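Engineer: Below you'll find the structure I mean.
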2 protein chains.
Amino acid sequence: MRAAVYAGAGGPEVIRVERRPIPQPDHGEVLIRVHASAMNRADVLQRQGRYPPPPGAPADIGGMELAGTVVSLGSGAQRWRAGDRVFGLISGGAHADFVVAHGSTLAAVPDTMSWTDAGAAPEAFITAHDALEQAAAREGDYVLVHAVASGVGLAAIQLVRARRATPLGTSRSAEKLERARDFGLAAGFPAQHGVDGLADWVLLRTEDHGADIVLDLLGGEYVPASVKSLAMRGRLILIGTLAGAEATVPLHVVLRRRLTIRGTVLRSRTFDERAHDTRGFERDVVPLLAADTVRPVVDTVLPLERIAEAHEIVESNRTFGKVVIRMTDEEA
Amino acid sequence: MRAAVYAGAGGPEVIRVERRPIPQPDHGEVLIRVHASAMNRADVLQRQGRYPPPPGAPADIGGMELAGTVVSLGSGAQRWRAGDRVFGLISGGAHADFVVAHGSTLAAVPDTMSWTDAGAAPEAFITAHDALEQAAAREGDYVLVHAVASGVGLAAIQLVRARRATPLGTSRSAEKLERARDFGLAAGFPAQHGVDGLADWVLLRTEDHGADIVLDLLGGEYVPASVKSLAMRGRLILIGTLAGAEATVPLHVVLRRRLTIRGTVLRSRTFDERAHDTRGFERDVVPLLAADTVRPVVDTVLPLERIAEAHEIVESNRTFGKVVIRMTDEEA
């Protein structure tokens, strides 16, 4: 099979599309013909040698999410049959023609979804859904989403709307904020020059209530600004630290408003947790995808041979939604 | 009645013991003859003009906890009868001969408890119990308690033991750490020169596991040190910021270990929350107090007339446990 291999650590030039043996499904696993995958920031970090993949994942092939067709079953693999259309998150290796995944970490792709959309969905929607669950997002809440034009950000604002809550967002691009309105964004804070004034802006946009929830993929200076933006008993879910791995936090605000700050990454989770996350996705999100109530936002689609371009596009920070890698050109 | 009144904002010299009218119980409230109360840091801050009391509390009389006898009932007050021995937390005003409190925020004092012990119990045990509940402390957990010789700290380590978990603690006094062993402290980190090296010490004392929970009354530099000390999915409950209202937090650790940092203060809670806290105290802690499984730690007992000395003692940071104010000299 073909696989996009990192031949050492470095820029996009270390990526080679090479032949590799088709992996064999272990106990409980299924072998999947990958039709589509997508890019994630972790793929770039892994290519740079800054994100060692967890045990069990291929060391030199990226790809954390996939959509494809079940080819064969390992011993004890239940539920799936050859030919089933599945999607889900894996530890790595999806930027290839075939990959193995445990049956418990897969969900059925709705009939109405294209392979491109299905490949763009798992990471963004599982991450956003899990963060909203951890934050106990409820009807009527104000939810502030940083990096709103990212795959996770655009999934989050749609899921917030589906919960009859109000999504607010930040982006360094005013144009992206404008485009995000089509996906339900109620108001956008342009962060070209940082997040000074964010808390006042949030108060203004929430009738002096503050944000009940902040979903933060950025960290750094976004954390103190988010803390100050939160309402009493508000919750900040930290999903990434792209803007800085340290922050000066106003503890007196955390204390007085009884705030919760929680860090979360999907990649370090145990198998049982991943299976649980997948069931939550299947239960709460897949029906919304099937009904087109929420939908993945695809910035660019590239074939596997052009994956180096996909890395460059992700690193440019110019994307609006996901960069999808197609292994086949089958439509659905 | 006598009341310890703050005649302006300042040092202990602004305190006067004066005559004030006995308050009248409102709907749902009871009038209580106070036998004992205790000092809290918030009393000192209120005296200094740095902690305005919440609406409904007397502006110039401190005292957030009490033990006493029900004298009379306001309209609609249920459950209690004249003569009942009660204790609980209030918004202020307990440093006086009489005070009113809502019936839902009181619990029955066990027959075996002295007034002095009963007056020392509510704030320390309700705060510690609530923090352990919020942190979901379970059998087998390692729980690191900062300022372990404070009223809350000594209550916490006993409640941790009662949950069959292991209490570790810090104090700036090696002698206090030694004394805390009598109340169940498994190991103490002397913080005379700060908390450098705390995370390594915690790893050593927890078989390389890290702390599942940190209860932090101090904030400041204790926060980053606590974050680094936490195990995967650990929880830091911030109860105070005596050591600093800001902290530089290593977000990458929060993210990767999926930590939770939560601020909590009792004083800003709603009435329903206070009633809920009191029921938790009554259900989980009062039976332990009655059985002498846990007990309040009393540093000093002073009569109301000497309350200025009580303020000085609390400000000295030399206490081990609570400073109790007695309104009467009845024994039980």
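Convention: chains lettered A, B, ... in structure tokens order; per-chain residue numbering from 1; ligands numbered from 1 as shown.
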Mind the document's chain letters and residue numbers, and return as a VMD selection string the residues of range 151-268 of chain A that DSSP labels alpha helix (DSSP H).
Structural biologist: chain A and resid 151 to 162 174 to 180 198 to 205 222 to 229 251 to 256
Engineer: Using only C-alpha atoms, which residues of chain A come within 12 Å of chain B, and what is the closest atom pair for each, with the distance in Å to one decimal? Give it as CSV, sorted by chain and residue number.
Structural biologist:
residue,atom,partner,partner_atom,distance
A:Tyr51,CA,B:Arg256,CA,11.8
A:Ala131,CA,B:Arg258,CA,11.7
A:Gln134,CA,B:Thr260,CA,10.8
A:Ala135,CA,B:Thr260,CA,11.4
A:Asp216,CA,B:Leu255,CA,10.9
A:Leu217,CA,B:Leu255,CA,10.3
A:Leu218,CA,B:Leu251,CA,10.1
A:Gly219,CA,B:Leu251,CA,7.0
A:Gly220,CA,B:Leu251,CA,7.9
A:Glu221,CA,B:Leu251,CA,11.0
A:Tyr222,CA,B:Leu251,CA,11.2
A:Val223,CA,B:Leu251,CA,9.0
A:Pro224,CA,B:Glu246,CA,10.1
A:Val227,CA,B:Gly263,CA,11.4
A:Met232,CA,B:Ser268,CA,9.9
A:Arg233,CA,B:Gly263,CA,8.8
A:Gly234,CA,B:Arg262,CA,10.0
A:Arg235,CA,B:Arg262,CA,8.9
A:Leu236,CA,B:Ile261,CA,9.7
A:Ile237,CA,B:Thr260,CA,9.2
A:Leu238,CA,B:Leu255,CA,6.6
A:Ile239,CA,B:Leu255,CA,6.8
A:Gly240,CA,B:Leu255,CA,7.0
A:Thr241,CA,B:His252,CA,6.7
A:Leu242,CA,B:His252,CA,9.9
A:Ala243,CA,B:Leu251,CA,10.6
A:Gly244,CA,B:Leu251,CA,8.0
A:Ala245,CA,B:Leu251,CA,5.1
A:Glu246,CA,B:Pro250,CA,4.7
A:Ala247,CA,B:Thr248,CA,5.4
A:Thr248,CA,B:Thr248,CA,4.3
A:Val249,CA,B:Ala247,CA,5.4
A:Pro250,CA,B:Glu246,CA,4.7
A:Leu251,CA,B:Ala245,CA,5.1
A:His252,CA,B:Ala245,CA,5.2
A:Val253,CA,B:Gly263,CA,8.4
A:Val254,CA,B:Gly263,CA,5.1
A:Leu255,CA,B:Gly263,CA,4.0
A:Arg256,CA,B:Val265,CA,6.4
A:Arg257,CA,B:Gly263,CA,7.4
A:Arg258,CA,B:Gly263,CA,4.5
A:Leu259,CA,B:Gly263,CA,5.3
A:Thr260,CA,B:Arg262,CA,4.2
A:Ile261,CA,B:Ile261,CA,5.0
A:Arg262,CA,B:Thr260,CA,4.2
A:Gly263,CA,B:Leu255,CA,4.0
A:Thr264,CA,B:Arg258,CA,4.6
A:Val265,CA,B:Leu255,CA,6.3
A:Leu266,CA,B:Arg256,CA,9.4
A:Arg267,CA,B:Arg256,CA,9.0
A:Ser268,CA,B:Arg256,CA,7.3
A:Arg269,CA,B:Arg258,CA,9.4
A:Thr270,CA,B:Met232,CA,11.4
Engineer: As a list in words, please: the residues near Gly28 in chain B (cut-off 9 Å, only C-alpha atoms, same-chain neighbours under 5 positions excluded).
Structural biologist: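 Residues near the query, excluding close chain neighbours: Leu73, Gly74, Ser75, Gly76, Ala77, Gln78, Ala101, His102, Gly103 and Ser104 of chain B.
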Engineer: Residues near range 322-331 of chain A, anyone? I mean within 9 Å using only C-alpha atoms, not counting same-chain ones fewer than 3 positions away, as a ChimeraX atom specification.
Structural biologist: /A:2,33-40,95-97,114-117,119-121,124,150-152,296-307,310-311,313-314,319
Engineer: Could you name the residues that touch Asp141 in chain A at 12 Å or less, counting only C-alpha atoms, but leaving out those on the same chain fewer than 2 positions away, as a tab-separated table (two decimals) with N, CA and C atoms, in the first residue's frame?
Structural biologist:
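Final file, selection33.tsv:
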chain	number	residue	atom	x	y	z
A	132	LEU	N	-17.41	20.21	25.07
A	132	LEU	CA	-18.71	20.74	25.52
A	132	LEU	C	-19.34	19.84	26.59
A	135	ALA	N	-17.55	20.55	29.78
A	135	ALA	CA	-17.97	21.85	30.29
A	135	ALA	C	-19.45	21.87	30.67
A	136	ALA	N	-20.14	20.74	30.46
A	136	ALA	CA	-21.57	20.65	30.76
A	136	ALA	C	-22.36	21.78	30.11
A	137	ALA	N	-22.14	21.98	28.81
A	137	ALA	CA	-22.82	23.07	28.08
A	137	ALA	C	-24.32	22.80	28.01
A	138	ARG	N	-25.06	23.82	28.32
A	138	ARG	CA	-26.52	23.69	28.38
A	138	ARG	C	-27.20	24.79	27.57
A	139	GLU	N	-28.47	24.57	27.27
A	139	GLU	CA	-29.30	25.57	26.60
A	139	GLU	C	-29.16	26.92	27.30
A	143	VAL	N	-21.05	30.51	24.96
A	143	VAL	CA	-19.82	29.73	24.80
A	143	VAL	C	-18.86	30.49	23.88
A	144	LEU	N	-17.72	30.86	24.43
A	144	LEU	CA	-16.70	31.59	23.67
A	144	LEU	C	-15.69	30.58	23.13
A	160	VAL	N	-22.65	24.04	19.57
A	160	VAL	CA	-23.21	24.98	20.55
A	160	VAL	C	-24.61	25.40	20.12
A	161	ARG	N	-24.78	25.73	18.85
A	161	ARG	CA	-26.10	26.09	18.32
A	161	ARG	C	-27.08	24.93	18.49
A	162	ALA	N	-26.59	23.70	18.23
A	162	ALA	CA	-27.47	22.54	18.34
A	162	ALA	C	-27.95	22.35	19.77
A	163	ARG	N	-27.19	22.85	20.75
A	163	ARG	CA	-27.62	22.79	22.16
A	163	ARG	C	-28.44	24.02	22.55
A	164	ARG	N	-28.83	24.84	21.60
A	164	ARG	CA	-29.58	26.08	21.84
A	164	ARG	C	-28.81	27.01	22.77
A	165	ALA	N	-27.49	26.99	22.62
A	165	ALA	CA	-26.64	27.94	23.34
A	165	ALA	C	-26.08	28.92	22.31
A	166	THR	N	-25.39	29.95	22.80
A	166	THR	CA	-24.94	31.03	21.92
A	166	THR	C	-23.43	31.02	21.75
A	167	PRO	N	-22.93	30.78	20.52
A	167	PRO	CA	-21.48	30.77	20.31
A	167	PRO	C	-20.92	32.16	19.99
A	168	LEU	N	-19.90	32.55	20.73
A	168	LEU	CA	-19.08	33.72	20.42
A	168	LEU	C	-17.71	33.19	20.03
A	206	THR	N	-22.95	39.66	26.03
A	206	THR	CA	-23.67	38.66	26.83
A	206	THR	C	-24.59	39.32	27.85
A	209	HIS	N	-23.40	39.26	31.38
A	209	HIS	CA	-23.36	37.98	32.08
A	209	HIS	C	-21.96	37.40	32.11
A	210	GLY	N	-21.22	37.52	31.02
A	210	GLY	CA	-19.93	36.83	30.87
A	210	GLY	C	-20.15	35.50	30.18
A	211	ALA	N	-19.04	34.86	29.80
A	211	ALA	CA	-19.13	33.57	29.11
A	211	ALA	C	-19.29	32.45	30.14
A	212	ASP	N	-20.22	31.55	29.90
A	212	ASP	CA	-20.34	30.38	30.79
A	212	ASP	C	-19.21	29.39	30.52
A	213	ILE	N	-18.79	29.35	29.27
A	213	ILE	CA	-17.79	28.37	28.85
A	213	ILE	C	-16.83	29.04	27.87
A	214	VAL	N	-15.54	28.71	27.98
A	214	VAL	CA	-14.57	29.07	26.94
A	214	VAL	C	-13.91	27.79	26.46
A	230	LEU	N	-15.06	35.06	31.92
A	230	LEU	CA	-15.99	34.04	32.38
A	230	LEU	C	-16.98	34.58	33.40
A	231	ALA	N	-18.17	34.04	33.36
A	231	ALA	CA	-19.21	34.34	34.33
A	231	ALA	C	-18.97	33.53	35.61
A	233	ARG	N	-18.92	30.76	38.13
A	233	ARG	CA	-18.92	29.31	37.94
A	233	ARG	C	-18.64	28.90	36.49
A	234	GLY	N	-17.99	29.77	35.74
A	234	GLY	CA	-17.66	29.47	34.35
A	234	GLY	C	-16.57	28.42	34.24
A	235	ARG	N	-16.47	27.84	33.03
A	235	ARG	CA	-15.52	26.76	32.80
A	235	ARG	C	-14.67	27.04	31.56
Engineer: If I take CA of Pro21 in chain B and CA of Pro53 in chain B, how far is one from the other in Å, to one decimal?
Structural biologist: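 We find that CA of Pro21 in chain B and CA of Pro53 in chain B lie 19.5 Å from each other.
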Engineer: Could you name the residues that touch Val71 in chain A at 6 Å or less, counting only C-alpha atoms, but leaving out those on the same chain fewer than 5 positions away, as a list in words?
Structural biologist: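 The residues satisfying every condition are Leu31, Ile32 and Ala82 of chain A.
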Engineer: Which residues in range 117-303 of chain A does DSSP call strand (DSSP E or B)? List them as an NGL selection string.
Structural biologist: :A and (142-145 or 166-171 or 187-190 or 211-216 or 219 or 230-238 or 244 or 246-250 or 260-263 or 298-303)
Engineer: Interatomic distance between CA of Ala275 in chain A and CA of Gly63 in chain A?
Structural biologist: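 Atom-to-atom, CA of Ala275 in chain A to CA of Gly63 in chain A, that is 18.4 Å.
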Engineer: Residues near Ala191 in chain A, anyone? I mean within 7 Å using only C-alpha atoms, not counting same-chain ones fewer than 6 positions away, as a PyMOL selection string.
Structural biologist: chain A and resi 170-172
Engineer: Got time to write the residues from that selection, C-alpha atoms, as a compact mmCIF listing (two decimals), in the first residue's frame?
Structural biologist:
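Done, and the output landed in out.txt:
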# COMPACT_ATOMS: atom_id res chain seq x y z
CA THR A 170 -12.23 34.95 18.30
CA SER A 171 -9.96 34.78 15.28
CA ARG A 172 -6.95 36.73 14.12
Engineer: Considering only C-alpha atoms, state which residue in the set A:Val5, A:Ile90, A:Val70, A:His276 is at the smallest distance from Ala57 in chain A.
Structural biologist: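 Smallest distance to Ala57 in chain A is found for A:Ile90.
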Engineer: For CA of Gly68 in chain B and CA of Ile22 in chain B, quote the distance in Å rounded to one decimal.
Structural biologist: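 These atoms are spaced 14.7 Å apart.
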